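Next comes final07.txt, with compact mmCIF, C-alpha atoms.
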```txt
# COMPACT_ATOMS: atom_id res chain seq x y z
CA MET U 1108 69.77 87.23 109.03
CA PRO U 1109 70.82 88.05 112.61
CA GLY U 1110 74.35 88.68 113.81
CA ILE U 1111 75.69 87.67 117.22
CA ASP U 1112 74.38 90.78 119.02
CA GLU U 1113 70.88 90.50 117.53
CA CYS U 1114 70.77 86.84 118.52
CA LEU U 1115 71.71 87.63 122.13
CA LEU U 1116 69.22 90.51 122.31
CA GLU U 1117 66.52 88.17 121.06
CA ALA U 1118 67.40 85.72 123.84
CA MET U 1119 67.04 88.57 126.34
CA ARG U 1120 63.44 89.07 125.25
CA LEU U 1121 62.51 85.68 126.71
CA PRO U 1122 60.53 86.05 129.93
CA GLY U 1123 62.83 85.98 132.95
CA ALA U 1124 66.05 86.36 130.95
CA ARG U 1125 68.80 87.92 133.09
CA GLY U 1126 71.78 87.58 130.80
CA ALA U 1127 73.04 85.79 127.70
CA ALA U 1128 76.37 85.06 126.08
CA LEU U 1129 77.93 83.29 123.11
CA VAL U 1130 80.91 81.32 124.40
CA ASP U 1131 83.69 79.21 122.88
CA TRP U 1132 84.01 76.07 125.02
CA THR U 1133 87.56 75.25 123.98
CA SER U 1134 89.08 78.58 124.96
CA GLY U 1135 86.43 79.86 127.38
CA LEU U 1136 86.17 83.15 125.47
CA ALA U 1137 82.88 85.06 125.45
CA LEU U 1138 82.37 86.17 121.83
CA GLY U 1139 79.38 88.27 122.82
CA THR U 1140 77.55 89.12 126.04
CA VAL U 1141 74.38 90.96 126.99
CA GLY U 1142 72.59 91.67 130.26
CA ASP U 1143 73.84 90.55 133.65
CA ALA U 1144 76.14 87.73 134.68
CA PRO U 1145 76.11 85.86 138.00
CA GLY U 1146 78.59 87.70 140.19
CA GLY U 1147 78.62 90.55 137.68
CA ASP U 1148 81.49 89.12 135.64
CA HIS U 1149 80.76 87.80 132.16
CA GLU U 1150 84.39 86.75 131.62
CA THR U 1151 84.52 84.44 134.64
CA THR U 1152 81.04 83.10 133.94
CA ALA U 1153 82.02 82.29 130.36
CA ALA U 1154 85.16 80.43 131.44
CA GLU U 1155 83.25 78.39 134.03
CA ALA U 1156 80.31 77.64 131.73
CA ALA U 1157 82.81 76.61 129.03
CA GLU U 1158 84.31 74.04 131.35
CA LEU U 1159 80.89 72.52 132.03
CA ALA U 1160 79.98 72.54 128.34
CA ARG U 1161 83.27 70.90 127.42
CA LEU U 1162 82.75 68.08 129.91
CA ALA U 1163 79.28 67.42 128.49
CA ALA U 1164 80.43 67.64 124.87
CA GLU U 1165 83.54 65.52 125.21
CA HIS U 1166 82.64 62.81 127.68
CA GLY U 1167 81.09 59.75 126.13
CA ALA U 1168 78.56 59.27 128.90
CA PHE U 1169 76.47 62.24 127.72
CA ALA U 1170 76.77 61.79 123.97
CA ALA U 1171 74.04 60.22 121.85
CA GLY U 1172 74.88 56.97 120.11
CA ASP U 1173 75.88 58.33 116.71
CA ALA U 1174 78.21 61.17 117.61
CA GLU U 1175 80.38 60.55 114.56
CA ASP U 1176 78.23 62.57 112.13
CA GLY U 1177 80.15 65.72 112.97
CA GLY U 1178 77.27 67.43 114.77
CA PRO U 1179 77.49 68.26 118.45
CA PRO U 1180 76.87 65.09 120.44
CA VAL U 1181 74.89 67.02 123.05
CA GLU U 1182 72.10 69.55 122.36
CA ASP U 1183 71.96 71.39 125.61
CA VAL U 1184 72.95 71.40 129.27
CA ILE U 1185 70.55 72.60 131.95
CA VAL U 1186 71.57 73.63 135.45
CA SER U 1187 68.95 74.69 137.98
CA ASN U 1188 69.50 76.31 141.36
CA HIS U 1189 67.16 77.79 143.95
CA ASP U 1190 66.42 80.97 142.02
CA SER U 1191 67.53 80.53 138.42
CA TYR U 1192 68.22 78.26 135.48
CA HIS U 1193 71.30 78.13 133.28
CA LEU U 1194 70.66 76.89 129.78
CA LEU U 1195 73.64 76.08 127.57
CA ARG U 1196 72.74 75.38 123.93
CA PHE U 1197 75.41 74.03 121.57
CA VAL U 1198 75.55 75.75 118.20
CA ASP U 1199 75.92 73.37 115.27
CA THR U 1200 78.04 75.16 112.66
CA SER U 1201 79.00 74.03 109.17
CA PHE U 1202 82.53 75.27 109.86
CA ASP U 1203 84.77 73.94 112.63
CA SER U 1204 83.95 75.62 115.93
CA SER U 1205 83.05 74.89 119.53
CA VAL U 1206 80.50 77.47 120.64
CA PHE U 1207 77.34 77.49 122.74
CA LEU U 1208 74.69 80.00 123.74
CA HIS U 1209 74.40 80.54 127.48
CA LEU U 1210 71.10 81.89 128.82
CA TRP U 1211 70.67 82.81 132.49
CA LEU U 1212 67.01 82.68 133.39
CA GLY U 1213 65.17 83.75 136.55
CA ARG U 1214 63.24 80.84 137.95
CA GLU U 1215 60.12 82.79 139.00
CA GLU U 1216 59.42 84.46 135.67
CA GLY U 1217 61.22 82.07 133.32
CA ASN U 1218 59.71 79.21 131.36
CA LEU U 1219 62.41 76.61 130.92
CA ALA U 1220 60.62 74.55 128.27
CA LEU U 1221 59.85 77.60 126.14
CA ALA U 1222 63.39 78.98 126.57
CA ARG U 1223 64.89 75.65 125.54
CA ILE U 1224 62.89 75.56 122.31
CA ARG U 1225 63.54 79.22 121.47
CA LEU U 1226 67.25 79.05 122.22
CA GLY U 1227 67.55 76.07 119.88
CA GLU U 1228 65.85 78.08 117.13
CA MET U 1229 68.12 81.05 117.77
CA ALA U 1230 71.24 78.86 117.65
CA ALA U 1231 70.16 77.52 114.26
CA ARG U 1232 69.29 80.96 112.84
CA LEU U 1233 72.58 82.43 114.03
CA VAL U 1234 74.62 80.26 111.71
CA LEU U 1235 72.11 79.29 109.04
CA GLY U 1236 70.48 82.67 108.50
CA MET J 596 152.42 85.07 141.12
CA THR J 597 150.56 85.64 137.92
CA MET J 598 147.24 87.31 138.19
CA ILE J 599 144.70 85.60 136.05
CA GLU J 600 142.12 88.04 135.02
CA THR J 601 138.76 86.56 134.41
CA PRO J 602 137.20 88.15 131.36
CA PRO J 603 134.03 90.11 132.00
CA PRO J 604 130.90 88.12 131.33
CA LEU J 605 129.55 88.40 127.83
CA PRO J 606 126.68 90.81 127.55
CA VAL J 607 123.43 88.91 127.54
CA ARG J 608 119.94 90.16 127.12
CA ASP J 609 118.51 90.53 130.59
CA ARG J 610 115.46 88.40 130.17
CA ALA J 611 114.08 89.09 133.62
CA THR J 612 113.86 92.85 133.16
CA ALA J 613 112.72 92.49 129.57
CA GLN J 614 109.84 90.37 130.73
CA ASP J 615 108.98 92.71 133.58
CA ARG J 616 108.68 95.56 131.17
CA THR J 617 106.13 93.72 129.08
CA ALA J 618 104.23 92.21 131.99
CA GLY J 619 101.58 94.92 131.92
CA ALA J 620 101.20 95.16 128.17
CA LEU J 621 102.05 92.40 125.71
CA SER J 622 103.19 95.02 123.26
CA PRO J 623 103.80 98.51 124.64
CA MET J 624 103.69 99.83 121.09
CA LEU J 625 100.25 98.34 120.55
CA ARG J 626 99.00 99.80 123.80
CA ARG J 627 100.18 103.25 122.70
CA LEU J 628 98.59 102.88 119.27
CA ALA J 629 95.30 101.96 120.93
CA GLU J 630 95.48 105.04 123.16
CA ASP J 631 96.17 107.21 120.11
CA GLN J 632 93.22 105.58 118.30
CA ALA J 633 95.61 104.84 115.46
CA THR J 634 94.62 103.33 112.14
CA GLY J 635 97.05 101.13 110.26
CA VAL J 636 98.88 97.82 110.30
CA LEU J 637 101.16 96.54 113.09
CA VAL J 638 103.58 93.93 111.77
CA ARG J 639 105.11 91.74 114.47
CA GLU J 640 107.39 88.72 114.20
CA HIS J 641 104.62 86.09 114.39
CA GLY J 642 101.66 87.96 112.95
CA THR J 643 100.00 91.17 111.86
CA LEU J 644 97.28 93.24 113.52
CA HIS J 645 95.10 95.63 111.54
CA LEU J 646 93.86 98.58 113.59
CA ALA J 647 91.06 101.04 112.87
CA GLU J 648 90.63 103.92 115.32
CA GLY J 649 92.65 101.99 117.91
CA ARG J 650 90.57 98.80 117.70
CA VAL J 651 91.66 95.50 116.19
CA VAL J 652 89.61 94.81 113.07
CA HIS J 653 91.61 91.95 111.59
CA ALA J 654 94.59 89.73 112.45
CA GLU J 655 96.76 87.41 110.43
CA SER J 656 99.48 84.96 111.36
CA PRO J 657 101.40 82.31 109.43
CA HIS J 658 100.63 79.99 112.37
CA ALA J 659 96.83 80.40 112.24
CA PRO J 660 94.46 79.50 109.41
CA GLY J 661 92.76 82.59 108.03
CA LEU J 662 89.07 83.38 107.72
CA ASP J 663 89.16 81.97 104.19
CA VAL J 664 90.43 78.58 105.40
CA LEU J 665 87.88 78.37 108.23
CA LEU J 666 85.04 79.23 105.87
CA THR J 667 85.98 77.04 102.92
CA ALA J 668 87.52 73.94 104.60
CA HIS J 669 84.15 72.37 105.43
CA GLY J 670 82.17 73.84 102.57
CA THR J 671 80.50 76.68 104.47
CA LEU J 672 81.53 78.82 101.52
CA ALA J 673 82.69 77.67 98.10
CA THR J 674 86.37 78.41 97.49
CA ALA J 675 85.46 80.07 94.20
CA ALA J 676 83.00 82.42 95.95
CA TRP J 677 85.69 83.51 98.41
CA GLN J 678 88.22 84.04 95.66
CA ARG J 679 85.75 86.10 93.66
CA ALA J 680 84.98 88.31 96.66
CA ALA J 681 88.65 88.60 97.67
CA GLY J 682 89.59 89.49 94.09
CA GLN J 683 87.09 92.36 93.99
CA ALA J 684 87.79 93.61 97.51
CA GLU J 685 90.63 95.70 98.91
CA GLY J 686 90.95 93.68 102.08
CA PRO J 687 89.28 90.95 104.11
CA ALA J 688 86.75 93.40 105.61
CA ASP J 689 85.66 94.45 102.13
CA ALA J 690 85.48 90.83 101.03
CA ALA J 691 83.26 90.07 104.01
CA ARG J 692 80.92 92.93 103.10
CA LEU J 693 80.64 91.64 99.53
CA LEU J 694 79.79 88.14 100.80
CA LEU J 695 77.13 89.55 103.12
CA ASP J 696 75.66 91.77 100.39
CA ALA J 697 75.51 88.81 98.01
CA ARG J 698 73.77 86.82 100.79
CA LEU J 699 76.35 84.05 100.41
CA LEU J 700 76.82 83.79 104.16
CA PRO J 701 74.61 84.33 107.20
CA GLU J 702 75.80 87.30 109.24
CA GLY J 703 76.13 85.28 112.44
CA ALA J 704 78.30 82.62 110.82
CA LEU J 705 80.58 85.25 109.28
CA GLU J 706 80.88 87.23 112.53
CA LEU J 707 81.63 84.07 114.45
CA CYS J 708 84.31 82.90 112.01
CA HIS J 709 85.79 86.41 111.87
CA LEU J 710 86.10 86.66 115.67
CA ASP J 711 87.49 83.11 115.87
CA ALA J 712 90.14 83.97 113.26
CA LEU J 713 90.93 87.35 114.86
CA TYR J 714 91.55 85.99 118.38
CA ASP J 715 93.38 82.98 116.93
CA ALA J 716 95.84 84.97 114.79
CA GLY J 717 96.05 87.66 117.50
CA TYR J 718 97.26 85.05 119.97
CA PHE J 719 100.26 84.29 117.76
CA ALA J 720 100.81 87.91 116.71
CA LEU J 721 101.17 88.86 120.38
CA SER J 722 103.49 85.97 121.26
CA PRO J 723 106.93 86.99 122.52
CA SER J 724 109.11 88.16 119.66
CA SER J 725 112.82 88.73 119.20
CA THR J 726 112.42 91.65 116.82
CA PRO J 727 110.59 94.94 117.33
CA GLY J 728 107.23 95.46 115.66
CA ARG J 729 106.67 97.95 112.85
CA PHE J 730 103.57 100.07 112.39
CA ARG J 731 102.39 101.51 109.11
CA TYR J 732 99.72 104.19 109.34
CA ALA J 733 96.88 103.92 106.87
CA ARG J 734 94.97 106.91 105.58
CA ALA J 735 91.28 106.25 106.02
CA PRO J 736 89.92 104.33 108.98
CA ARG J 737 88.03 101.32 107.78
CA LEU J 738 85.67 99.93 110.36
CA GLY J 739 84.03 97.26 108.25
CA PRO J 740 80.72 95.49 108.85
CA LEU J 741 82.42 92.92 111.06
CA PRO J 742 82.87 93.31 114.81
CA SER J 743 86.13 94.85 116.03
CA VAL J 744 87.86 94.10 119.31
CA PRO J 745 89.49 96.51 121.79
CA VAL J 746 93.27 96.02 122.08
CA ILE J 747 92.95 95.42 125.81
CA ALA J 748 90.43 92.60 125.23
CA LEU J 749 92.76 90.86 122.77
CA GLU J 750 95.68 91.21 125.20
CA ARG J 751 93.69 89.83 128.12
CA GLU J 752 92.42 86.91 126.08
CA THR J 753 95.93 86.14 124.80
CA LEU J 754 97.29 86.07 128.36
CA ARG J 755 94.39 83.86 129.46
CA ARG J 756 95.10 81.46 126.59
CA ARG J 757 98.81 81.22 127.49
CA LEU J 758 97.84 80.36 131.03
CA LEU J 759 95.29 77.80 129.86
CA LEU J 760 97.90 76.01 127.74
CA HIS J 761 100.41 76.11 130.57
CA ARG J 762 97.94 74.53 132.96
CA LEU J 763 97.16 71.72 130.53
CA TRP J 764 100.80 70.81 129.93
CA PRO J 765 103.64 73.15 130.80
CA ASP J 766 106.01 72.21 127.98
CA PRO J 767 105.47 74.51 124.96
CA ALA J 768 107.58 72.31 122.64
CA THR J 769 104.49 70.75 121.04
CA ASP J 770 103.15 74.14 119.93
CA SER J 771 105.47 74.53 116.97
CA ALA J 772 107.61 71.39 116.48
CA PRO J 773 106.74 68.51 114.15
CA LEU J 774 104.76 65.99 116.17
CA ILE J 775 105.14 62.27 116.53
CA ARG J 776 102.97 59.71 118.27
CA ALA J 777 104.16 58.15 121.49
CA ASP J 778 103.22 54.93 123.21
CA PRO J 779 101.39 55.87 126.37
CA ALA J 780 101.98 53.92 129.55
CA ALA J 781 98.21 53.63 130.01
CA THR J 782 95.56 54.12 127.37
CA ALA J 783 93.85 57.43 127.88
CA PRO J 784 90.40 58.21 126.46
CA VAL J 785 90.59 60.38 123.34
CA THR J 786 87.72 62.67 122.34
CA PRO J 787 86.52 62.78 118.70
CA ARG J 788 88.11 66.20 118.19
CA GLN J 789 91.41 64.98 119.66
CA ARG J 790 91.18 61.85 117.50
CA ALA J 791 91.06 64.01 114.36
CA VAL J 792 94.26 65.73 115.50
CA LEU J 793 95.99 62.52 116.51
CA ASP J 794 95.16 60.92 113.15
CA ARG J 795 97.18 63.67 111.45
CA VAL J 796 100.27 63.33 113.61
CA ASP J 797 102.83 61.88 111.20
CA GLY J 798 106.28 62.97 112.39
CA VAL J 799 106.30 65.82 109.88
CA ARG J 800 103.36 68.12 110.56
CA SER J 801 103.33 70.62 113.42
CA ALA J 802 100.22 71.67 115.33
CA PRO J 803 99.60 74.79 113.19
CA GLU J 804 99.88 72.64 110.03
CA ILE J 805 97.41 70.13 111.45
CA ALA J 806 95.04 73.01 112.26
CA ARG J 807 95.19 74.24 108.68
CA ASN J 808 94.60 70.73 107.39
CA LEU J 809 91.55 70.39 109.62
CA GLY J 810 90.27 73.90 108.87
CA ARG J 811 90.29 74.42 112.62
CA GLN J 812 91.56 77.27 114.78
CA ALA J 813 95.25 76.85 115.60
CA PHE J 814 94.71 77.60 119.29
CA HIS J 815 92.04 74.89 119.52
CA THR J 816 94.58 72.51 118.05
CA LEU J 817 97.26 73.61 120.53
CA VAL J 818 94.81 72.84 123.37
CA ASP J 819 94.16 69.33 122.08
CA VAL J 820 97.85 68.74 121.36
CA ARG J 821 98.84 69.78 124.90
CA ARG J 822 96.12 67.50 126.33
CA LEU J 823 97.38 64.63 124.16
CA ALA J 824 100.97 65.38 125.22
CA ALA J 825 99.89 65.34 128.87
CA ALA J 826 98.27 61.94 128.25
CA GLY J 827 101.54 60.70 126.75
CA LEU J 828 100.00 60.12 123.32
CA LEU J 829 102.26 62.41 121.33
CA GLY J 830 105.33 64.58 121.63
CA PRO J 831 107.65 66.77 119.58
CA VAL J 832 109.92 64.96 117.13
CA PRO J 833 113.25 64.70 118.95
CA THR J 834 115.91 66.84 117.34
CA ALA J 835 119.54 65.90 116.58
CA PRO J 836 120.83 62.65 118.16
CA ALA J 837 117.86 60.51 119.06
CA PRO J 838 117.59 60.20 122.82
CA PRO J 839 117.30 56.79 124.41
CA PRO J 840 113.74 55.50 124.32
CA VAL J 841 112.56 56.83 127.64
CA PRO J 842 109.07 58.25 127.94
CA PRO J 843 108.88 62.05 128.28
CA ALA J 844 110.14 62.61 131.80
CA PRO J 845 107.22 63.34 134.12
CA PRO J 846 109.19 65.18 136.83
CA LEU J 847 109.18 68.65 135.31
CA THR J 848 112.04 70.92 136.12
CA VAL J 849 110.60 74.38 136.53
CA THR J 850 113.65 76.31 135.46
CA ASP J 851 112.20 77.55 132.19
CA PRO J 852 112.04 81.36 132.34
CA ASP J 853 108.78 81.17 130.37
CA ILE J 854 107.17 79.40 133.29
CA ALA J 855 108.32 82.09 135.67
CA LEU J 856 106.77 84.62 133.31
CA LEU J 857 103.54 82.68 133.12
CA LYS J 858 103.34 82.51 136.89
CA ARG J 859 103.73 86.26 137.10
CA LEU J 860 101.09 86.67 134.40
CA ARG J 861 98.73 84.40 136.30
CA ASP J 862 99.27 86.39 139.48
CA ALA J 863 98.69 89.63 137.60
CA LEU J 864 95.50 88.29 136.04
CA GLU J 865 94.19 87.03 139.34
CA ALA J 866 94.91 90.41 140.88
CA LEU J 867 92.75 92.19 138.26
```

Could you write out this structure as structure tokens?
Amino acid sequence: MPGIDECLLEAMRLPGARGAALVDWTSGLALGTVGDAPGGDHETTAAEAAELARLAAEHGAFAAGDAEDGGPPVEDVIVSNHDSYHLLRFVDTSFDSSVFLHLWLGREEGNLALARIRLGEMAARLVLG
Amino acid sequence: MTMIETPPPLPVRDRATAQDRTAGALSPMLRRLAEDQATGVLVREHGTLHLAEGRVVHAESPHAPGLDVLLTAHGTLATAAWQRAAGQAEGPADAARLLLDARLLPEGALELCHLDALYDAGYFALSPSSTPGRFRYARAPRLGPLPSVPVIALERETLRRRLLLHRLWPDPATDSAPLIRADPAATAPVTPRQRAVLDRVDGVRSAPEIARNLGRQAFHTLVDVRRLAAAGLLGPVPTAPAPPPVPPAPPLTVTDPDIALLKRLRDALEAL
């Protein structure tokens, strides 16, 4: 059963992974970080990614129809730019929380589809064992 | 002609200098304990920090739900299982180790809840206090299986959280007072998490009590409460003679010394 650090290190083994973090989207706090962050600052990256995640999670336009079951209404958020992808994966916990995994992926070496599937599996294993 | 001597002004606590002194460190005592790599328990007015070798391993506050509440409120862990572990253990770190050994909880879930509870209670423990803190040294350092946090990281996060709340809605009255619903001028959209908070606003419960009821971090609840206050959907229960039914005045007078402090904190943070 992996802890937070093991989970992030596993994410870093994905091809093209540059950095990863576990972030609380209500407070913007990075609960764990590994690798690099854009601009070299995990704290700022976490706060900015949290703002994006919060908008996606809380605004009705992005939520699936039945958001009332308690699970996160959105699975992930993908941002692409000219040289990298940012993949934000919401973690569905049995306790009350608001966290997501943030993976920064190089566009040349990275495989977005694979990373999306793997990050979802990691998010589930993190809290379900 | 009679000379009327004006009496000297009563001695008052100089808030400006007091705040300047703590601008760098939220608790100078805590900063010193961290430098000395101290092990023990720091008891402050609004919460308690447990240190091992100068790092924060556990925090408690009457304003924040503990690890036990977060874990049991939604059935992540059976209340009986927690009580059994807590009964056998010397402290929360020991209880956590027992739960992990018994494979009652996944490590990631426990670490996550632990860090949530630590930063949440730490936020209140480091809030401005009117009495000095007390530190009790403990004999053996106990770095448990759960992650610990450097003092400086907890201080920085606490300052960031104060600033976040201030930016959402600068009036801190809703943080601790009993809350009551208000009629907004315009209907604002309410998120599902805010709806859960708003449903529990009954004129009696305060934000920390609502957090406990929801099994949710108190700071998360403060964020939603400030957003709801900014939207005009709730406010603190008015004290003493009920004021005339005017909506909470939008033109904010920035004379509160706390706001001056927050501005200085923001400037200091931005300068880092």

### Query
Taking (101.9, 71.4, 129.3) in the file's coordinates, which residues come within 8 Å, counting only C-alpha atoms, written as number ranges by chain?
J: 760-767, 821-822, 824-825

### Message
Based on all atoms listed in the file, which of the residues in chain J come within 10 Å of chain U? I want them as a ChimeraX atom specification.
### Response
/J:664-672,695,698,700-708,710-711,714,741-742,744,752,755-756,759-760,784-789,809-812,814-816,818-819

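You will find CA of Val651 (chain J) at 25.3 Å from CA of Leu856 (chain J).
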
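With all atoms listed in the file as the atoms that count, the minimum distance from Gly717 (chain J) to the choices J:Ser771, J:Leu625, J:Ala783, J:Ile854 is reached by J:Leu625.
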
### Message
Considering all atoms listed in the file, can you say which of J:Asp663, J:Pro740, J:Leu774, J:Val636 comes closest to Arg692 (chain J)?
### Response
J:Pro740

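Remark: for Arg795 (chain J), the closest of the candidate residues J:Leu699, J:Ala780, J:Ile775, J:Ala712 is J:Ile775 (distances computed over only C-alpha atoms).
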